[in-house]
Each structure stands twice: as structure tokens, then as C-alpha cells.
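**Q** entry-v2.txt is reproduced below (compact mmCIF, C-alpha atoms).
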# COMPACT_ATOMS: atom_id res chain seq x y z
CA MET N 1 141.23 84.60 79.42
CA SER N 2 140.55 83.82 83.01
CA THR N 3 137.19 82.86 84.44
CA ILE N 4 136.86 86.22 86.22
CA GLU N 5 137.40 88.12 82.97
CA LEU N 6 134.78 86.01 81.21
CA ILE N 7 132.30 86.66 84.01
CA ALA N 8 133.04 90.41 83.87
CA TYR N 9 132.48 90.50 80.11
CA GLY N 10 129.28 88.49 80.51
CA VAL N 11 127.92 90.86 83.15
CA ALA N 12 128.83 93.87 80.99
CA ALA N 13 127.06 92.32 78.00
CA VAL N 14 123.91 91.65 80.03
CA LEU N 15 123.87 95.25 81.30
CA VAL N 16 124.20 96.59 77.75
CA VAL N 17 121.25 94.46 76.64
CA ILE N 18 119.12 95.64 79.58
CA VAL N 19 119.89 99.34 78.99
CA ALA N 20 119.33 99.02 75.24
CA GLY N 21 116.00 97.28 75.84
CA ALA N 22 114.82 100.00 78.24
CA TYR N 23 115.79 102.69 75.74
CA TYR N 24 113.99 100.85 72.93
CA ARG N 25 110.81 100.44 75.02
CA LEU N 26 110.87 104.13 75.95
CA ARG N 27 111.19 105.17 72.30
CA GLN N 28 108.16 103.04 71.39
CA LEU N 29 105.94 105.35 73.46
CA PRO N 30 104.49 108.45 71.80
CA THR N 31 105.57 111.95 72.74
CA LEU N 32 102.92 114.24 74.24
CA GLU N 33 102.21 115.79 70.84
CA GLN N 34 101.81 112.34 69.27
CA TYR N 35 99.63 111.20 72.21
CA ARG N 36 97.32 114.21 71.76
CA ALA N 37 97.05 113.48 68.03
CA MET N 38 96.29 109.81 68.69
CA HIS N 39 93.75 110.55 71.45
CA PRO N 40 92.19 113.97 70.75
CA THR N 41 89.36 113.43 73.25
CA ALA N 42 91.74 112.53 76.11
CA ARG N 43 91.81 115.97 77.67
CA HIS N 44 89.91 117.94 80.25
CA GLY N 45 88.24 121.32 79.86
CA SER N 46 91.46 123.13 80.77
CA GLY N 47 93.26 121.36 77.92
CA ALA N 48 95.32 119.20 80.29
CA PRO N 49 95.87 115.69 78.95
CA SER N 50 94.04 112.79 80.54
CA CYS N 51 94.16 109.01 80.32
CA TYR N 52 92.60 107.64 77.15
CA LYS N 53 91.36 104.52 78.99
CA CYS N 54 89.74 105.92 82.14
CA ASN N 55 89.76 109.71 81.46
CA ALA N 56 91.54 110.42 84.76
CA SER N 57 93.81 113.44 84.91
CA ASN N 58 95.97 112.18 87.80
CA ILE N 59 99.19 111.42 85.89
CA LEU N 60 102.47 110.27 87.43
CA ILE N 61 105.80 111.29 85.88
CA ASP N 62 108.06 108.26 86.30
CA ARG N 63 111.81 108.83 86.09
CA ARG N 64 112.89 105.40 87.37
CA GLY N 65 115.41 103.47 85.35
CA SER N 66 115.72 106.00 82.58
CA ARG N 67 118.33 108.68 82.10
CA SER N 68 117.13 109.36 78.59
CA GLY N 69 113.53 110.25 79.37
CA ARG N 70 110.47 109.97 81.54
CA THR N 71 107.25 108.07 81.19
CA HIS N 72 103.84 109.48 82.09
CA ILE N 73 101.55 106.95 83.74
CA CYS N 74 97.90 107.17 84.78
CA ARG N 75 97.71 106.82 88.57
CA THR N 76 94.14 105.55 88.40
CA CYS N 77 94.45 102.61 86.00
CA GLY N 78 98.24 102.28 85.57
CA THR N 79 98.28 102.78 81.80
CA THR N 80 101.57 104.14 80.39
CA LEU N 81 100.55 107.12 78.27
CA TRP N 82 103.52 108.97 76.73
CA ARG N 83 107.21 109.80 77.10
CA SER N 84 109.03 113.07 77.55
Would you put the structure from the file into C-alpha cells?

**A**
Amino acid sequence: MSTIELIAYGVAAVLVVIVAGAYYRLRQLPTLEQYRAMHPTARHGSGAPSCYKCNASNILIDRRGSRSGRTHICRTCGTTLWRS
């Protein structure tokens, strides 16, 4: 094998590890239903979910770096809350 082929295989292997790690981290987050069960008081009067740390309802849906799902992040304190 040439040096260029070895480099190409190395780069491909690193990319696989990065993608697999991102997928694994995403799957560690609870779904909205699981989040509500874990934090039953983290909601406002309308029933909308809120941050369990600061009780803010300003939640960002982050789609960056993930084709398999989104993360929901509190815009006030930056806490990652759940996945969808």
C-alpha cells in the first residue's frame, strides 16, 4: 500500500470514529417524554417544557452536526436538555 492510501484509510477511520461518537452522545440524551418524566416540574403553566436548571422556556433547537437528530438547549444557561 502506498502512503497516500494509508493516509486516506486513516482519515476515513477518524471520520467514522467522530460520527459514531456524535451519534452515541446524542443517544445518551433523553427524549422529550423521558425529559418530562425525569423533570416533572420543568414546565410552564401552558405545559411547555422549560429548563430544569434555570426554569427558562427559551429553548434552542440545534441541528448542527447531526443528521440523526436534534438537541434542545436552554438559551439562558446553555444546558442541553433533550433530543428529538

**Q** Mind giving me the straight-line distance from CA of Ser84 in chain N to CA of Leu32 in chain N in Å, one decimal?

**A**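 Value for the CA of Ser84 in chain N-CA of Leu32 in chain N distance: 7.0 Å.
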
**Q** Could you tell me how far CA of Arg43 in chain N lies from CA of Arg70 in chain N, in Å and to one decimal?

**A**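 We find that CA of Arg43 in chain N and CA of Arg70 in chain N lie 20.0 Å from each other.
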
**Q** Residues near Gly78 in chain N, anyone? I mean within 10 Å using only C-alpha atoms, not counting same-chain ones fewer than 2 positions away, as a list in words.

**A** Cys51, Lys53, Cys54, Ile59, Leu60, His72, Ile73, Cys74, Arg75, Thr76, Thr80 and Leu81 of chain N

**Q** Just give me the gap between CA of Arg63 in chain N and CA of Val11 in chain N in Å, one decimal is fine.

**A**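 Between CA of Arg63 in chain N and CA of Val11 in chain N the gap is 24.3 Å.
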